[in-house]
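Student: Dropping in run-v3.pdb, which is PDB, N, CA, C and O atoms:
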```
ATOM      1  N   MET A   1     144.783 -79.053  79.717
ATOM      2  CA  MET A   1     144.726 -79.105  81.152
ATOM      3  C   MET A   1     146.117 -79.448  81.679
ATOM      4  O   MET A   1     146.792 -80.303  81.126
ATOM      5  N   THR A   2     146.491 -78.833  82.754
ATOM      6  CA  THR A   2     147.803 -79.070  83.334
ATOM      7  C   THR A   2     147.708 -80.018  84.527
ATOM      8  O   THR A   2     146.621 -80.254  85.080
ATOM      9  N   TYR A   3     148.859 -80.547  84.933
ATOM     10  CA  TYR A   3     148.907 -81.405  86.113
ATOM     11  C   TYR A   3     148.430 -80.634  87.347
ATOM     12  O   TYR A   3     147.705 -81.170  88.181
ATOM     13  N   SER A   4     148.798 -79.379  87.444
ATOM     14  CA  SER A   4     148.375 -78.555  88.584
ATOM     15  C   SER A   4     146.851 -78.458  88.660
ATOM     16  O   SER A   4     146.280 -78.471  89.750
ATOM     17  N   GLU A   5     146.203 -78.368  87.527
ATOM     18  CA  GLU A   5     144.740 -78.317  87.502
ATOM     19  C   GLU A   5     144.141 -79.665  87.884
ATOM     20  O   GLU A   5     143.160 -79.737  88.629
ATOM     21  N   LEU A   6     144.733 -80.755  87.370
ATOM     22  CA  LEU A   6     144.232 -82.100  87.680
ATOM     23  C   LEU A   6     144.295 -82.410  89.170
ATOM     24  O   LEU A   6     143.379 -82.971  89.740
ATOM     25  N   ARG A   7     145.386 -82.036  89.810
ATOM     26  CA  ARG A   7     145.572 -82.421  91.209
ATOM     27  C   ARG A   7     144.692 -81.654  92.178
ATOM     28  O   ARG A   7     144.596 -82.011  93.346
ATOM     29  N   LYS A   8     143.994 -80.637  91.709
ATOM     30  CA  LYS A   8     143.060 -79.886  92.557
ATOM     31  C   LYS A   8     141.661 -80.504  92.547
ATOM     32  O   LYS A   8     140.796 -80.097  93.312
ATOM     33  N   LYS A   9     141.431 -81.476  91.683
ATOM     34  CA  LYS A   9     140.094 -82.059  91.520
ATOM     35  C   LYS A   9     139.918 -83.298  92.393
ATOM     36  O   LYS A   9     140.814 -84.128  92.499
ATOM     37  N   ASP A  10     138.752 -83.414  93.022
ATOM     38  CA  ASP A  10     138.407 -84.620  93.771
ATOM     39  C   ASP A  10     138.091 -85.736  92.792
ATOM     40  O   ASP A  10     137.505 -85.499  91.731
ATOM     41  N   ILE A  11     138.466 -86.962  93.150
ATOM     42  CA  ILE A  11     138.140 -88.139  92.341
ATOM     43  C   ILE A  11     136.969 -88.832  93.008
ATOM     44  O   ILE A  11     137.043 -89.203  94.186
ATOM     45  N   ILE A  12     135.880 -88.998  92.264
ATOM     46  CA  ILE A  12     134.638 -89.565  92.793
ATOM     47  C   ILE A  12     134.293 -90.839  92.031
ATOM     48  O   ILE A  12     134.348 -90.877  90.807
ATOM     49  N   CYS A  13     133.895 -91.881  92.761
ATOM     50  CA  CYS A  13     133.434 -93.139  92.159
ATOM     51  C   CYS A  13     131.972 -92.981  91.762
ATOM     52  O   CYS A  13     131.131 -92.637  92.602
ATOM     53  N   ILE A  14     131.670 -93.228  90.508
ATOM     54  CA  ILE A  14     130.290 -93.116  90.027
ATOM     55  C   ILE A  14     129.387 -94.141  90.715
ATOM     56  O   ILE A  14     128.237 -93.860  91.033
ATOM     57  N   GLY A  15     129.918 -95.339  90.971
ATOM     58  CA  GLY A  15     129.115 -96.420  91.530
ATOM     59  C   GLY A  15     128.491 -96.120  92.874
ATOM     60  O   GLY A  15     127.330 -96.435  93.121
ATOM     61  N   ASP A  16     129.249 -95.493  93.777
ATOM     62  CA  ASP A  16     128.717 -95.254  95.122
ATOM     63  C   ASP A  16     128.880 -93.816  95.602
ATOM     64  O   ASP A  16     128.528 -93.493  96.730
ATOM     65  N   GLY A  17     129.420 -92.943  94.761
ATOM     66  CA  GLY A  17     129.568 -91.538  95.108
ATOM     67  C   GLY A  17     130.681 -91.247  96.100
ATOM     68  O   GLY A  17     130.811 -90.135  96.589
ATOM     69  N   ARG A  18     131.498 -92.249  96.366
ATOM     70  CA  ARG A  18     132.562 -92.109  97.363
ATOM     71  C   ARG A  18     133.724 -91.285  96.836
ATOM     72  O   ARG A  18     134.131 -91.402  95.696
ATOM     73  N   LEU A  19     134.264 -90.452  97.728
ATOM     74  CA  LEU A  19     135.459 -89.686  97.418
ATOM     75  C   LEU A  19     136.668 -90.611  97.501
ATOM     76  O   LEU A  19     136.898 -91.248  98.524
ATOM     77  N   MET A  20     137.417 -90.701  96.412
ATOM     78  CA  MET A  20     138.584 -91.589  96.363
ATOM     79  C   MET A  20     139.879 -90.839  96.649
ATOM     80  O   MET A  20     140.912 -91.454  96.848
ATOM     81  N   GLY A  21     139.843 -89.525  96.654
ATOM     82  CA  GLY A  21     141.028 -88.730  96.927
ATOM     83  C   GLY A  21     141.265 -87.721  95.824
ATOM     84  O   GLY A  21     140.353 -87.354  95.087
ATOM     85  N   ARG A  22     142.517 -87.287  95.728
ATOM     86  CA  ARG A  22     142.928 -86.360  94.686
ATOM     87  C   ARG A  22     144.157 -86.914  93.990
ATOM     88  O   ARG A  22     144.882 -87.744  94.537
ATOM     89  N   VAL A  23     144.390 -86.452  92.784
ATOM     90  CA  VAL A  23     145.541 -86.909  91.999
ATOM     91  C   VAL A  23     146.830 -86.498  92.712
ATOM     92  O   VAL A  23     147.004 -85.339  93.084
ATOM     93  N   THR A  24     147.705 -87.481  92.936
ATOM     94  CA  THR A  24     149.013 -87.190  93.529
ATOM     95  C   THR A  24     150.137 -87.398  92.527
ATOM     96  O   THR A  24     151.235 -86.887  92.719
ATOM     97  N   ASP A  25     149.855 -88.165  91.469
ATOM     98  CA  ASP A  25     150.877 -88.443  90.464
ATOM     99  C   ASP A  25     150.208 -88.960  89.199
ATOM    100  O   ASP A  25     149.022 -89.284  89.198
ATOM    101  N   LEU A  26     150.970 -89.050  88.135
ATOM    102  CA  LEU A  26     150.489 -89.581  86.860
ATOM    103  C   LEU A  26     151.411 -90.703  86.420
ATOM    104  O   LEU A  26     152.607 -90.667  86.687
ATOM    105  N   GLU A  27     150.847 -91.681  85.732
ATOM    106  CA  GLU A  27     151.655 -92.706  85.074
ATOM    107  C   GLU A  27     151.630 -92.373  83.583
ATOM    108  O   GLU A  27     150.565 -92.347  82.968
ATOM    109  N   ILE A  28     152.805 -92.115  83.022
ATOM    110  CA  ILE A  28     152.926 -91.678  81.637
ATOM    111  C   ILE A  28     153.567 -92.778  80.801
ATOM    112  O   ILE A  28     154.533 -93.402  81.228
ATOM    113  N   ASP A  29     153.033 -92.999  79.598
ATOM    114  CA  ASP A  29     153.639 -93.944  78.665
ATOM    115  C   ASP A  29     154.896 -93.298  78.087
ATOM    116  O   ASP A  29     154.819 -92.237  77.463
ATOM    117  N   PRO A  30     156.066 -93.907  78.296
ATOM    118  CA  PRO A  30     157.305 -93.286  77.824
ATOM    119  C   PRO A  30     157.451 -93.258  76.302
ATOM    120  O   PRO A  30     158.207 -92.456  75.770
ATOM    121  N   VAL A  31     156.698 -94.094  75.616
ATOM    122  CA  VAL A  31     156.804 -94.148  74.152
ATOM    123  C   VAL A  31     156.037 -93.011  73.494
ATOM    124  O   VAL A  31     156.573 -92.287  72.657
ATOM    125  N   ASP A  32     154.774 -92.842  73.871
ATOM    126  CA  ASP A  32     153.970 -91.824  73.192
ATOM    127  C   ASP A  32     153.605 -90.622  74.070
ATOM    128  O   ASP A  32     152.984 -89.681  73.598
ATOM    129  N   GLY A  33     153.979 -90.655  75.356
ATOM    130  CA  GLY A  33     153.746 -89.513  76.229
ATOM    131  C   GLY A  33     152.323 -89.363  76.732
ATOM    132  O   GLY A  33     151.992 -88.368  77.364
ATOM    133  N   ARG A  34     151.477 -90.348  76.484
ATOM    134  CA  ARG A  34     150.088 -90.281  76.944
ATOM    135  C   ARG A  34     149.976 -90.714  78.403
ATOM    136  O   ARG A  34     150.765 -91.515  78.890
ATOM    137  N   ILE A  35     148.957 -90.199  79.066
ATOM    138  CA  ILE A  35     148.707 -90.588  80.454
ATOM    139  C   ILE A  35     148.106 -91.985  80.467
ATOM    140  O   ILE A  35     147.100 -92.244  79.799
ATOM    141  N   ARG A  36     148.722 -92.904  81.209
ATOM    142  CA  ARG A  36     148.200 -94.269  81.359
ATOM    143  C   ARG A  36     147.244 -94.373  82.531
ATOM    144  O   ARG A  36     146.286 -95.144  82.505
ATOM    145  N   ALA A  37     147.552 -93.648  83.615
ATOM    146  CA  ALA A  37     146.755 -93.776  84.835
ATOM    147  C   ALA A  37     146.934 -92.557  85.720
ATOM    148  O   ALA A  37     147.937 -91.844  85.634
ATOM    149  N   LEU A  38     145.933 -92.340  86.572
ATOM    150  CA  LEU A  38     146.032 -91.349  87.635
ATOM    151  C   LEU A  38     146.379 -92.104  88.909
ATOM    152  O   LEU A  38     145.890 -93.208  89.138
ATOM    153  N   ILE A  39     147.208 -91.509  89.731
ATOM    154  CA  ILE A  39     147.587 -92.135  90.990
ATOM    155  C   ILE A  39     147.121 -91.227  92.109
ATOM    156  O   ILE A  39     147.313 -90.009  92.067
ATOM    157  N   THR A  40     146.486 -91.831  93.121
ATOM    158  CA  THR A  40     145.993 -91.093  94.261
ATOM    159  C   THR A  40     146.370 -91.830  95.535
ATOM    160  O   THR A  40     146.539 -93.048  95.520
ATOM    161  N   ALA A  41     146.530 -91.100  96.604
ATOM    162  CA  ALA A  41     146.783 -91.739  97.894
ATOM    163  C   ALA A  41     145.470 -92.366  98.344
ATOM    164  O   ALA A  41     144.409 -91.797  98.166
ATOM    165  N   GLY A  42     145.527 -93.548  98.886
ATOM    166  CA  GLY A  42     144.314 -94.211  99.346
ATOM    167  C   GLY A  42     144.540 -95.690  99.506
ATOM    168  O   GLY A  42     145.636 -96.195  99.265
ATOM    169  N   SER A  43     143.500 -96.376  99.929
ATOM    170  CA  SER A  43     143.572 -97.822 100.072
ATOM    171  C   SER A  43     142.351 -98.430  99.416
ATOM    172  O   SER A  43     141.352 -97.770  99.220
ATOM    173  N   CYS A  44     142.444 -99.689  99.103
ATOM    174  CA  CYS A  44     141.385-100.350  98.338
ATOM    175  C   CYS A  44     141.339-101.817  98.683
ATOM    176  O   CYS A  44     142.360-102.426  98.976
ATOM    177  N   GLY A  45     140.181-102.399  98.612
ATOM    178  CA  GLY A  45     140.039-103.809  98.901
ATOM    179  C   GLY A  45     140.315-104.700  97.709
ATOM    180  O   GLY A  45     140.421-105.898  97.837
ATOM    181  N   ILE A  46     140.412-104.136  96.522
ATOM    182  CA  ILE A  46     140.651-104.927  95.320
ATOM    183  C   ILE A  46     142.122-104.811  94.957
ATOM    184  O   ILE A  46     142.580-103.755  94.544
ATOM    185  N   SER A  47     142.868-105.886  95.094
ATOM    186  CA  SER A  47     144.309-105.820  94.871
ATOM    187  C   SER A  47     144.666-105.641  93.406
ATOM    188  O   SER A  47     145.773-105.247  93.089
ATOM    189  N   GLY A  48     143.749-105.882  92.493
ATOM    190  CA  GLY A  48     144.039-105.797  91.070
ATOM    191  C   GLY A  48     144.362-104.401  90.572
ATOM    192  O   GLY A  48     144.983-104.239  89.544
ATOM    193  N   ILE A  49     143.939-103.364  91.308
ATOM    194  CA  ILE A  49     144.239-102.019  90.837
ATOM    195  C   ILE A  49     145.335-101.363  91.659
ATOM    196  O   ILE A  49     145.605-100.186  91.516
ATOM    197  N   PHE A  50     145.977-102.139  92.525
ATOM    198  CA  PHE A  50     147.124-101.632  93.277
ATOM    199  C   PHE A  50     148.394-101.919  92.515
ATOM    200  O   PHE A  50     148.574-102.985  91.965
ATOM    201  N   HIS A  51     149.268-100.978  92.512
ATOM    202  CA  HIS A  51     150.587-101.166  91.927
ATOM    203  C   HIS A  51     151.575-100.481  92.851
ATOM    204  O   HIS A  51     151.425 -99.305  93.150
ATOM    205  N   GLY A  52     152.580-101.204  93.302
ATOM    206  CA  GLY A  52     153.615-100.602  94.134
ATOM    207  C   GLY A  52     153.139-100.356  95.549
ATOM    208  O   GLY A  52     152.579-101.224  96.187
ATOM    209  N   ASP A  53     153.329 -99.147  96.045
ATOM    210  CA  ASP A  53     153.014 -98.771  97.415
ATOM    211  C   ASP A  53     151.541 -99.028  97.706
ATOM    212  O   ASP A  53     150.665 -98.594  96.975
ATOM    213  N   LYS A  54     151.256 -99.710  98.836
ATOM    214  CA  LYS A  54     149.868-100.037  99.142
ATOM    215  C   LYS A  54     149.056 -98.815  99.554
ATOM    216  O   LYS A  54     147.849 -98.899  99.682
ATOM    217  N   ASN A  55     149.698 -97.684  99.752
ATOM    218  CA  ASN A  55     148.974 -96.456 100.048
ATOM    219  C   ASN A  55     148.648 -95.667  98.786
ATOM    220  O   ASN A  55     148.110 -94.582  98.872
ATOM    221  N   GLN A  56     148.989 -96.202  97.629
ATOM    222  CA  GLN A  56     148.678 -95.541  96.368
ATOM    223  C   GLN A  56     147.651 -96.356  95.596
ATOM    224  O   GLN A  56     147.769 -97.572  95.501
ATOM    225  N   LEU A  57     146.680 -95.671  95.071
ATOM    226  CA  LEU A  57     145.654 -96.293  94.239
ATOM    227  C   LEU A  57     145.899 -95.841  92.808
ATOM    228  O   LEU A  57     146.011 -94.643  92.537
ATOM    229  N   THR A  58     146.034 -96.796  91.885
ATOM    230  CA  THR A  58     146.244 -96.486  90.472
ATOM    231  C   THR A  58     144.926 -96.656  89.729
ATOM    232  O   THR A  58     144.334 -97.725  89.754
ATOM    233  N   ILE A  59     144.484 -95.600  89.091
ATOM    234  CA  ILE A  59     143.223 -95.615  88.342
ATOM    235  C   ILE A  59     143.566 -95.554  86.859
ATOM    236  O   ILE A  59     144.036 -94.525  86.366
ATOM    237  N   PRO A  60     143.346 -96.650  86.133
ATOM    238  CA  PRO A  60     143.658 -96.665  84.699
ATOM    239  C   PRO A  60     142.883 -95.584  83.946
ATOM    240  O   PRO A  60     141.720 -95.302  84.268
ATOM    241  N   TRP A  61     143.529 -94.992  82.962
ATOM    242  CA  TRP A  61     142.913 -93.902  82.207
ATOM    243  C   TRP A  61     141.580 -94.323  81.599
ATOM    244  O   TRP A  61     140.642 -93.529  81.529
ATOM    245  N   GLY A  62     141.456 -95.569  81.192
ATOM    246  CA  GLY A  62     140.216 -96.059  80.599
ATOM    247  C   GLY A  62     139.037 -96.081  81.563
ATOM    248  O   GLY A  62     137.890 -96.175  81.137
ATOM    249  N   GLN A  63     139.299 -95.983  82.858
ATOM    250  CA  GLN A  63     138.232 -95.982  83.859
ATOM    251  C   GLN A  63     137.730 -94.569  84.171
ATOM    252  O   GLN A  63     136.776 -94.402  84.912
ATOM    253  N   ILE A  64     138.385 -93.554  83.599
ATOM    254  CA  ILE A  64     137.961 -92.173  83.810
ATOM    255  C   ILE A  64     136.733 -91.935  82.935
ATOM    256  O   ILE A  64     136.808 -92.012  81.711
ATOM    257  N   ALA A  65     135.604 -91.654  83.574
ATOM    258  CA  ALA A  65     134.366 -91.424  82.830
ATOM    259  C   ALA A  65     134.267 -89.971  82.363
ATOM    260  O   ALA A  65     133.803 -89.702  81.257
ATOM    261  N   CYS A  66     134.713 -89.037  83.207
ATOM    262  CA  CYS A  66     134.562 -87.625  82.882
ATOM    263  C   CYS A  66     135.487 -86.796  83.768
ATOM    264  O   CYS A  66     135.658 -87.103  84.939
ATOM    265  N   ILE A  67     136.057 -85.755  83.202
ATOM    266  CA  ILE A  67     136.820 -84.792  83.982
ATOM    267  C   ILE A  67     136.071 -83.475  83.887
ATOM    268  O   ILE A  67     135.958 -82.882  82.814
ATOM    269  N   GLY A  68     135.502 -83.063  85.015
ATOM    270  CA  GLY A  68     134.714 -81.836  85.048
ATOM    271  C   GLY A  68     135.502 -80.677  85.620
ATOM    272  O   GLY A  68     136.713 -80.752  85.821
ATOM    273  N   ASP A  69     134.789 -79.591  85.919
ATOM    274  CA  ASP A  69     135.423 -78.394  86.455
ATOM    275  C   ASP A  69     136.001 -78.647  87.856
ATOM    276  O   ASP A  69     137.055 -78.108  88.190
ATOM    277  N   ASP A  70     135.285 -79.446  88.668
ATOM    278  CA  ASP A  70     135.684 -79.648  90.057
ATOM    279  C   ASP A  70     136.041 -81.076  90.408
ATOM    280  O   ASP A  70     136.700 -81.313  91.424
ATOM    281  N   VAL A  71     135.570 -82.043  89.622
ATOM    282  CA  VAL A  71     135.766 -83.455  89.971
ATOM    283  C   VAL A  71     136.176 -84.289  88.774
ATOM    284  O   VAL A  71     135.977 -83.894  87.626
ATOM    285  N   ILE A  72     136.734 -85.459  89.083
ATOM    286  CA  ILE A  72     137.029 -86.481  88.096
ATOM    287  C   ILE A  72     136.135 -87.667  88.467
ATOM    288  O   ILE A  72     136.210 -88.177  89.586
ATOM    289  N   LEU A  73     135.285 -88.087  87.540
ATOM    290  CA  LEU A  73     134.396 -89.210  87.786
ATOM    291  C   LEU A  73     135.014 -90.485  87.242
ATOM    292  O   LEU A  73     135.473 -90.529  86.104
ATOM    293  N   VAL A  74     135.017 -91.526  88.082
ATOM    294  CA  VAL A  74     135.612 -92.811  87.747
ATOM    295  C   VAL A  74     134.492 -93.839  87.663
ATOM    296  O   VAL A  74     133.659 -93.929  88.564
ATOM    297  N   SER A  75     134.484 -94.632  86.575
ATOM    298  CA  SER A  75     133.456 -95.661  86.419
ATOM    299  C   SER A  75     133.620 -96.725  87.485
ATOM    300  O   SER A  75     134.694 -96.893  88.073
ATOM    301  N   ALA A  76     132.565 -97.479  87.702
ATOM    302  CA  ALA A  76     132.528 -98.473  88.780
ATOM    303  C   ALA A  76     133.680 -99.468  88.707
ATOM    304  O   ALA A  76     134.161 -99.930  89.732
ATOM    305  N   GLY A  77     134.149 -99.812  87.516
ATOM    306  CA  GLY A  77     135.255-100.761  87.380
ATOM    307  C   GLY A  77     136.565-100.238  87.960
ATOM    308  O   GLY A  77     137.423-100.994  88.339
ATOM    309  N   GLY A  78     136.707 -98.937  88.069
ATOM    310  CA  GLY A  78     137.928 -98.355  88.607
ATOM    311  C   GLY A  78     137.839 -98.008  90.087
ATOM    312  O   GLY A  78     138.773 -97.524  90.675
ATOM    313  N   CYS A  79     136.651 -98.270  90.673
ATOM    314  CA  CYS A  79     136.441 -97.947  92.085
ATOM    315  C   CYS A  79     136.778 -99.123  92.972
ATOM    316  O   CYS A  79     136.749-100.263  92.547
ATOM    317  N   CYS A  80     137.069 -98.821  94.217
ATOM    318  CA  CYS A  80     137.363 -99.866  95.195
ATOM    319  C   CYS A  80     136.077-100.510  95.654
ATOM    320  O   CYS A  80     135.074 -99.904  95.704
TER
END
```
Can you give me the file's structure in the form of structure tokens?
Tutor:
Amino acid sequence: MTYSELRKKDIICIGDGRLMGRVTDLEIDPVDGRIRALITAGSCGISGIFHGDKNQLTIPWGQIACIGDDVILVSAGGCC
């Protein structure tokens, strides 16, 4: 899967079905090249998953439950 394909998918929270946005950037581990997190524009009430710009939401890769044809499902722990 390419970055272009990822950024076309809506990110949905499994816990409440809320649309969290779309992928705007990736956080990559410089040592092994693996994706650490998906970054999306948005706001959140839980400061623990914010990093840097308050308009960016960082979703750790471990919170991704499933990447489907049209959506990326995020487990409740990764949702706002």
Student: Go through A:Ile12, A:Ile39, A:Met1, A:Leu6 and flag the residue nearest A:Ser75, using all atoms listed in the file for the distances.
Tutor: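 Among the listed residues, the smallest separation from A:Ser75 belongs to A:Ile12.
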Student: So, counting all atoms listed in the file, which residue among A:Ile28, A:Arg18, A:Thr2, A:Lys8 is closest to A:Asp69?
Tutor: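 Ranked by minimum distance to A:Asp69, first place goes to A:Lys8.
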Student: Can you tell me which residues surround A:Leu26 at a distance of at most 10 Å, considering only C-alpha atoms, apart from same-chain residues fewer than 2 positions away, and format the answer as a compact mmCIF listing (two decimals) with N, CA, C and O atoms, in the frame of the given file?
Tutor:
```
# COMPACT_ATOMS: atom_id res chain seq x y z
N TYR A 3 148.86 -80.55 84.93
CA TYR A 3 148.91 -81.40 86.11
C TYR A 3 148.43 -80.63 87.35
O TYR A 3 147.71 -81.17 88.18
N LEU A 6 144.73 -80.76 87.37
CA LEU A 6 144.23 -82.10 87.68
C LEU A 6 144.29 -82.41 89.17
O LEU A 6 143.38 -82.97 89.74
N ARG A 7 145.39 -82.04 89.81
CA ARG A 7 145.57 -82.42 91.21
C ARG A 7 144.69 -81.65 92.18
O ARG A 7 144.60 -82.01 93.35
N VAL A 23 144.39 -86.45 92.78
CA VAL A 23 145.54 -86.91 92.00
C VAL A 23 146.83 -86.50 92.71
O VAL A 23 147.00 -85.34 93.08
N THR A 24 147.71 -87.48 92.94
CA THR A 24 149.01 -87.19 93.53
C THR A 24 150.14 -87.40 92.53
O THR A 24 151.24 -86.89 92.72
N ILE A 28 152.80 -92.12 83.02
CA ILE A 28 152.93 -91.68 81.64
C ILE A 28 153.57 -92.78 80.80
O ILE A 28 154.53 -93.40 81.23
N ASP A 29 153.03 -93.00 79.60
CA ASP A 29 153.64 -93.94 78.67
C ASP A 29 154.90 -93.30 78.09
O ASP A 29 154.82 -92.24 77.46
N ARG A 34 151.48 -90.35 76.48
CA ARG A 34 150.09 -90.28 76.94
C ARG A 34 149.98 -90.71 78.40
O ARG A 34 150.76 -91.52 78.89
N ILE A 35 148.96 -90.20 79.07
CA ILE A 35 148.71 -90.59 80.45
C ILE A 35 148.11 -91.98 80.47
O ILE A 35 147.10 -92.24 79.80
N ARG A 36 148.72 -92.90 81.21
CA ARG A 36 148.20 -94.27 81.36
C ARG A 36 147.24 -94.37 82.53
O ARG A 36 146.29 -95.14 82.50
N ALA A 37 147.55 -93.65 83.62
CA ALA A 37 146.76 -93.78 84.84
C ALA A 37 146.93 -92.56 85.72
O ALA A 37 147.94 -91.84 85.63
N LEU A 38 145.93 -92.34 86.57
CA LEU A 38 146.03 -91.35 87.64
C LEU A 38 146.38 -92.10 88.91
O LEU A 38 145.89 -93.21 89.14
N ILE A 39 147.21 -91.51 89.73
CA ILE A 39 147.59 -92.14 90.99
C ILE A 39 147.12 -91.23 92.11
O ILE A 39 147.31 -90.01 92.07
N THR A 40 146.49 -91.83 93.12
CA THR A 40 145.99 -91.09 94.26
C THR A 40 146.37 -91.83 95.54
O THR A 40 146.54 -93.05 95.52
N THR A 58 146.03 -96.80 91.88
CA THR A 58 146.24 -96.49 90.47
C THR A 58 144.93 -96.66 89.73
O THR A 58 144.33 -97.72 89.75
N ILE A 59 144.48 -95.60 89.09
CA ILE A 59 143.22 -95.62 88.34
C ILE A 59 143.57 -95.55 86.86
O ILE A 59 144.04 -94.52 86.37
N TRP A 61 143.53 -94.99 82.96
CA TRP A 61 142.91 -93.90 82.21
C TRP A 61 141.58 -94.32 81.60
O TRP A 61 140.64 -93.53 81.53
```
Student: With distances taken over only N, CA, C and O atoms, which of A:Asp10, A:Ser4, A:Leu57, A:Pro30 is nearest to A:Ile72?
Tutor: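 Smallest separation from A:Ile72 among the options: A:Asp10.
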Student: To one decimal in Å, tell me the separation between atom C of A:Gly15 and atom N of A:Glu27.
Tutor: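 So the two atoms, atom C of A:Gly15 and atom N of A:Glu27, lie 23.9 Å apart.
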Student: In Å, with one decimal, what is the gap from atom N of A:Ile67 to atom N of A:Val31?
Tutor: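 Separation between atom N of A:Ile67 and atom N of A:Val31: 23.5 Å.
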